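Novice: So here's structure.pdb (PDB, C-alpha atoms (C1' of nucleotides)).
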ATOM      1  CA  MET A   1      -4.766   8.499  15.458
ATOM      2  CA  ASP A   2      -7.925   7.383  13.862
ATOM      3  CA  ILE A   3     -10.176   8.219  10.978
ATOM      4  CA  ARG A   4     -13.084  10.255  12.279
ATOM      5  CA  TRP A   5     -14.937  11.139   9.132
ATOM      6  CA  GLU A   6     -15.480   9.460   5.854
ATOM      7  CA  THR A   7     -14.420  11.648   2.980
ATOM      8  CA  PRO A   8     -15.082  10.843  -0.673
ATOM      9  CA  PHE A   9     -11.531   9.658  -0.918
ATOM     10  CA  THR A  10     -11.509   7.359   2.092
ATOM     11  CA  ARG A  11     -14.870   5.951   1.094
ATOM     12  CA  LYS A  12     -13.811   5.189  -2.466
ATOM     13  CA  ALA A  13     -10.520   3.775  -1.333
ATOM     14  CA  LYS A  14     -12.222   1.435   1.113
ATOM     15  CA  ASP A  15     -14.698   0.365  -1.556
ATOM     16  CA  ALA A  16     -11.820  -0.404  -3.887
ATOM     17  CA  ILE A  17     -10.097  -2.467  -1.231
ATOM     18  CA  ARG A  18     -13.276  -4.415  -0.537
ATOM     19  CA  ALA A  19     -13.468  -5.197  -4.238
ATOM     20  CA  ILE A  20     -10.153  -7.025  -4.308
ATOM     21  CA  PRO A  21     -10.931 -10.715  -4.798
ATOM     22  CA  SER A  22      -9.582 -13.321  -2.439
ATOM     23  CA  GLY A  23      -6.363 -14.764  -3.726
ATOM     24  CA  ARG A  24      -5.289 -11.560  -5.410
ATOM     25  CA  VAL A  25      -3.429  -8.454  -4.300
ATOM     26  CA  ALA A  26      -3.483  -4.784  -5.256
ATOM     27  CA  THR A  27      -0.929  -2.028  -4.729
ATOM     28  CA  TYR A  28      -1.477   1.174  -2.786
ATOM     29  CA  GLY A  29      -1.154   3.130  -6.000
ATOM     30  CA  GLN A  30      -3.712   0.919  -7.670
ATOM     31  CA  ILE A  31      -6.228   1.562  -4.909
ATOM     32  CA  ALA A  32      -5.497   5.280  -5.051
ATOM     33  CA  ALA A  33      -6.172   5.286  -8.783
ATOM     34  CA  LEU A  34      -9.479   3.497  -8.265
ATOM     35  CA  ALA A  35     -10.340   6.089  -5.640
ATOM     36  CA  GLY A  36      -9.773   8.782  -8.222
ATOM     37  CA  ARG A  37      -6.363   9.986  -7.053
ATOM     38  CA  GLU A  38      -3.747   8.172  -9.053
ATOM     39  CA  ARG A  39      -0.878   9.605  -7.048
ATOM     40  CA  ALA A  40      -2.384   9.330  -3.590
ATOM     41  CA  ALA A  41      -0.765   6.052  -2.651
ATOM     42  CA  ARG A  42       0.393   7.583   0.594
ATOM     43  CA  GLY A  43      -3.133   8.628   1.311
ATOM     44  CA  VAL A  44      -4.227   5.018   0.987
ATOM     45  CA  ALA A  45      -1.456   3.943   3.302
ATOM     46  CA  TRP A  46      -2.578   6.566   5.738
ATOM     47  CA  ILE A  47      -6.131   5.227   5.748
ATOM     48  CA  LEU A  48      -4.958   1.746   6.586
ATOM     49  CA  HIS A  49      -2.375   2.565   9.210
ATOM     50  CA  SER A  50      -4.662   5.020  10.951
ATOM     51  CA  SER A  51      -7.757   2.864  10.989
ATOM     52  CA  SER A  52      -8.300   1.104  14.263
ATOM     53  CA  ASP A  53     -11.272  -0.497  12.590
ATOM     54  CA  THR A  54     -10.040  -2.563   9.689
ATOM     55  CA  ALA A  55     -12.559  -5.265  10.423
ATOM     56  CA  GLY A  56     -14.341  -6.244   7.262
ATOM     57  CA  LEU A  57     -11.641  -4.723   5.109
ATOM     58  CA  PRO A  58      -9.341  -7.141   3.293
ATOM     59  CA  TRP A  59      -6.432  -4.863   4.113
ATOM     60  CA  HIS A  60      -3.968  -7.727   3.783
ATOM     61  CA  ARG A  61      -4.514  -7.758   0.020
ATOM     62  CA  VAL A  62      -2.870  -4.363  -0.311
ATOM     63  CA  ILE A  63       0.894  -4.382  -0.814
ATOM     64  CA  ASN A  64       3.404  -1.914  -2.214
ATOM     65  CA  GLY A  65       4.348  -1.388  -5.818
ATOM     66  CA  ARG A  66       7.461  -3.459  -5.435
ATOM     67  CA  GLY A  67       5.293  -6.460  -4.736
ATOM     68  CA  ALA A  68       6.142  -6.708  -1.069
ATOM     69  CA  ILE A  69       4.421  -6.463   2.275
ATOM     70  CA  SER A  70       5.053  -2.992   3.635
ATOM     71  CA  LEU A  71       4.380  -3.737   7.270
ATOM     72  CA  GLY A  72       7.404  -4.204   9.457
ATOM     73  CA  ARG A  73       8.220  -7.348  11.384
ATOM     74  CA  GLY A  74       6.276  -7.395  14.588
ATOM     75  CA  ARG A  75       3.983  -4.712  13.260
ATOM     76  CA  GLY A  76       1.594  -6.840  11.283
ATOM     77  CA  PHE A  77       3.923  -8.421   8.765
ATOM     78  CA  GLU A  78       3.355 -11.933  10.032
ATOM     79  CA  GLU A  79      -0.402 -11.503  10.155
ATOM     80  CA  GLN A  80      -0.576 -10.195   6.619
ATOM     81  CA  LYS A  81       1.618 -12.976   5.300
ATOM     82  CA  LYS A  82      -0.478 -15.571   7.085
ATOM     83  CA  ARG A  83      -3.712 -14.210   5.668
ATOM     84  CA  LEU A  84      -2.370 -14.071   2.127
ATOM     85  CA  ILE A  85      -1.083 -17.604   2.221
ATOM     86  CA  ALA A  86      -4.427 -18.767   3.579
ATOM     87  CA  GLU A  87      -5.974 -17.394   0.396
ATOM     88  CA  GLY A  88      -3.482 -19.025  -1.874
ATOM     89  CA  VAL A  89      -1.127 -16.122  -2.440
ATOM     90  CA  GLU A  90       2.482 -17.231  -2.358
ATOM     91  CA  VAL A  91       4.566 -15.035  -0.097
ATOM     92  CA  GLY A  92       8.272 -15.479  -0.411
ATOM     93  CA  HIS A  93      11.273 -14.190   1.432
ATOM     94  CA  GLY A  94      10.883 -10.668   2.714
ATOM     95  CA  GLY A  95       7.161 -10.776   2.100
ATOM     96  CA  ARG A  96       7.573 -10.868  -1.636
ATOM     97  CA  VAL A  97       4.596 -11.552  -3.857
ATOM     98  CA  ASP A  98       4.803 -12.074  -7.604
ATOM     99  CA  LEU A  99       2.626  -9.320  -8.990
ATOM    100  CA  LYS A 100       2.665 -10.924 -12.412
ATOM    101  CA  ARG A 101       0.749 -13.850 -11.040
ATOM    102  CA  PHE A 102      -1.249 -12.431  -8.151
ATOM    103  CA  GLN A 103      -1.999  -8.797  -8.860
ATOM    104  CA  TRP A 104      -5.670  -7.992  -9.289
ATOM    105  CA  GLU A 105      -6.521  -6.792 -12.772
ATOM    106  CA  GLN A 106      -9.932  -5.256 -12.901
ATOM    107  CA  ASN A 107      -9.950  -5.489 -16.653
ATOM    108  CA  ASP A 108      -9.378  -8.661 -18.654
ATOM    109  CA  GLY A 109     -12.208 -10.272 -16.709
ATOM    110  CA  ALA A 110      -9.741 -11.696 -14.259
ATOM    111  CA  ALA A 111     -12.204 -11.723 -11.436
ATOM    112  CA  GLY A 112     -11.920 -14.055  -8.535
ATOM    113  CA  ARG A 113      -8.984 -15.970  -7.243
ATOM    114  CA  SER A 114      -6.077 -16.103  -9.631
ATOM    115  CA  PRO A 115      -5.159 -19.412 -11.272
ATOM    116  CA  ALA A 116      -1.832 -19.259  -9.487
ATOM    117  CA  ALA A 117      -3.580 -18.881  -6.147
ATOM    118  CA  ARG A 118      -5.937 -21.779  -6.869
ATOM    119  CA  LYS A 119      -3.029 -23.983  -7.734
ATOM    120  CA  TYR A 120      -1.033 -22.976  -4.683
ATOM    121  CA  LEU A 121      -4.019 -23.427  -2.409
ATOM    122  CA  THR A 122      -4.607 -26.889  -3.762
ATOM    123  CA  SER A 123      -1.040 -27.876  -3.047
ATOM    124  CA  LEU A 124      -1.333 -26.503   0.477
ATOM    125  CA  LEU A 125      -4.498 -28.456   1.210
ATOM    126  CA  LYS A 126      -2.917 -31.546  -0.206
ATOM    127  CA  GLY A 127      -0.245 -31.138   2.413
ATOM    128  CA  ASP A 128       2.496 -29.737   0.230
TER     129      ASP A 128
ATOM    130  C1'  DC B 129      -2.598  28.884   6.715
ATOM    131  C1'  DC B 130       1.417  26.072   8.068
ATOM    132  C1'  DT B 131       3.892  21.957   9.650
ATOM    133  C1'  DA B 132       4.276  17.020  10.506
ATOM    134  C1'  DT B 133       3.398  12.148   9.470
ATOM    135  C1'  DG B 134       3.126   8.014   6.838
ATOM    136  C1'  DA B 135       1.607   0.129   5.525
ATOM    137  C1'  DC B 136       3.846   4.959  -1.198
ATOM    138  C1'  DA B 137       6.137   5.306  -5.967
ATOM    139  C1'  DG B 138       9.494   6.618  -9.280
ATOM    140  C1'  DA B 139      13.992   7.956 -10.474
ATOM    141  C1'  DC B 140      18.692   7.362 -10.035
ATOM    142  C1'  DA B 141      23.485   6.157  -8.430
TER     143       DA B 141
ATOM    144  C1'  DG C 142      20.022  -6.174  -6.306
ATOM    145  C1'  DT C 143      20.289  -2.015  -2.508
ATOM    146  C1'  DG C 144      20.240   2.764  -0.625
ATOM    147  C1'  DT C 145      18.850   7.502  -1.099
ATOM    148  C1'  DC C 146      16.229  11.350  -2.700
ATOM    149  C1'  DT C 147      12.244  13.644  -4.149
ATOM    150  C1'  DG C 148       7.464  14.333  -5.278
ATOM    151  C1'  DC C 149       3.044  13.260  -3.994
ATOM    152  C1'  DC C 150      -1.472  13.217  -1.260
ATOM    153  C1'  DA C 151      -4.861  12.988   2.719
ATOM    154  C1'  DT C 152      -5.323  14.011   7.207
ATOM    155  C1'  DA C 153      -4.104  15.664  12.044
ATOM    156  C1'  DG C 154      -2.699  19.426  15.068
TER     157       DG C 154
END
Could I get this file's structure written as structure tokens?

Specialist:
Amino acid sequence: MDIRWETPFTRKAKDAIRAIPSGRVATYGQIAALAGRERAARGVAWILHSSSDTAGLPWHRVINGRGAISLGRGRGFEEQKKRLIAEGVEVGHGGRVDLKRFQWEQNDGAAGRSPAARKYLTSLLKGD
DNA sequence: CCTATGACAGACA
DNA sequence: GTGTCTGCCATAG
């Protein structure tokens, strides 16, 4: 399956995803809300899993409301984890991410990479 | 119009 | 914490 037409919803959702800063994550529900459909988290998931063309979309910054990677092992989990870590997002056991520290908050002027991500990234570059 | 399919979320045991 | 159930929504046939 693949997305054939852009609808207002898919367009807004993709825009919202593109707006997530590196080093931060957003939940499916969060993206849905930004797209104007607070309860359309499944719709957001649908867009991502049915898009053969995710190039240019920071899809790896979208995780579920429980703060975990929703992709299954061998179905993109490893790739998503790798990409997040490369941006400074700590991914623990089971693909867990601490939303308190890494979730994107459009308000409070918390734009850009989170302090936690900057710190983690620095430690990674330092070699641990 | 109706049914099926999710990379969901919340509630609850 | 885990497992299950239910509601939700966009989109495909």

Novice: Hey, what comes out of the PyMOL selection byres ((chain A) within 10 of (chain B)) on this file? Could you write it as a ChimeraX atom specification?

Specialist: /A:27-29,39-50,59-60,62-66,69-72,75-77

Novice: Which residues would end up in the selection if the PyMOL selection byres ((chain C) within 12 of (chain A)) were applied here, given that I need the answer as number ranges by chain?

Specialist: C: 148-154

Novice: Any chance you could work out the residue set of the PyMOL selection byres ((chain A and resi 82-99) around 9) here, as a PyMOL selection string?

Specialist: chain A and resi 22-26+60-61+63+65-70+77-81+100-104+113-114+116-122+124

Novice: Would you give the centre and edge lengths, in Å to one decimal, of a box along x, y and z around the listed atoms of chain B, with 6 Å added to each side, as JSON?

Specialist:
{"center_x": 10.4, "center_y": 14.5, "center_z": 0.0, "size_x": 38.1, "size_y": 40.8, "size_z": 33.0}

Novice: Atom CA of A:Asp53 and atom CA of A:Trp5, how far apart in Å?

Specialist: 12.7 Å

Novice: As an exercise, work out the distance from atom CA of A:Pro21 to atom CA of A:Gly56 in Å and give it to one decimal place.

Specialist: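 Separation of atom CA of A:Pro21 and atom CA of A:Gly56: 13.3 Å.
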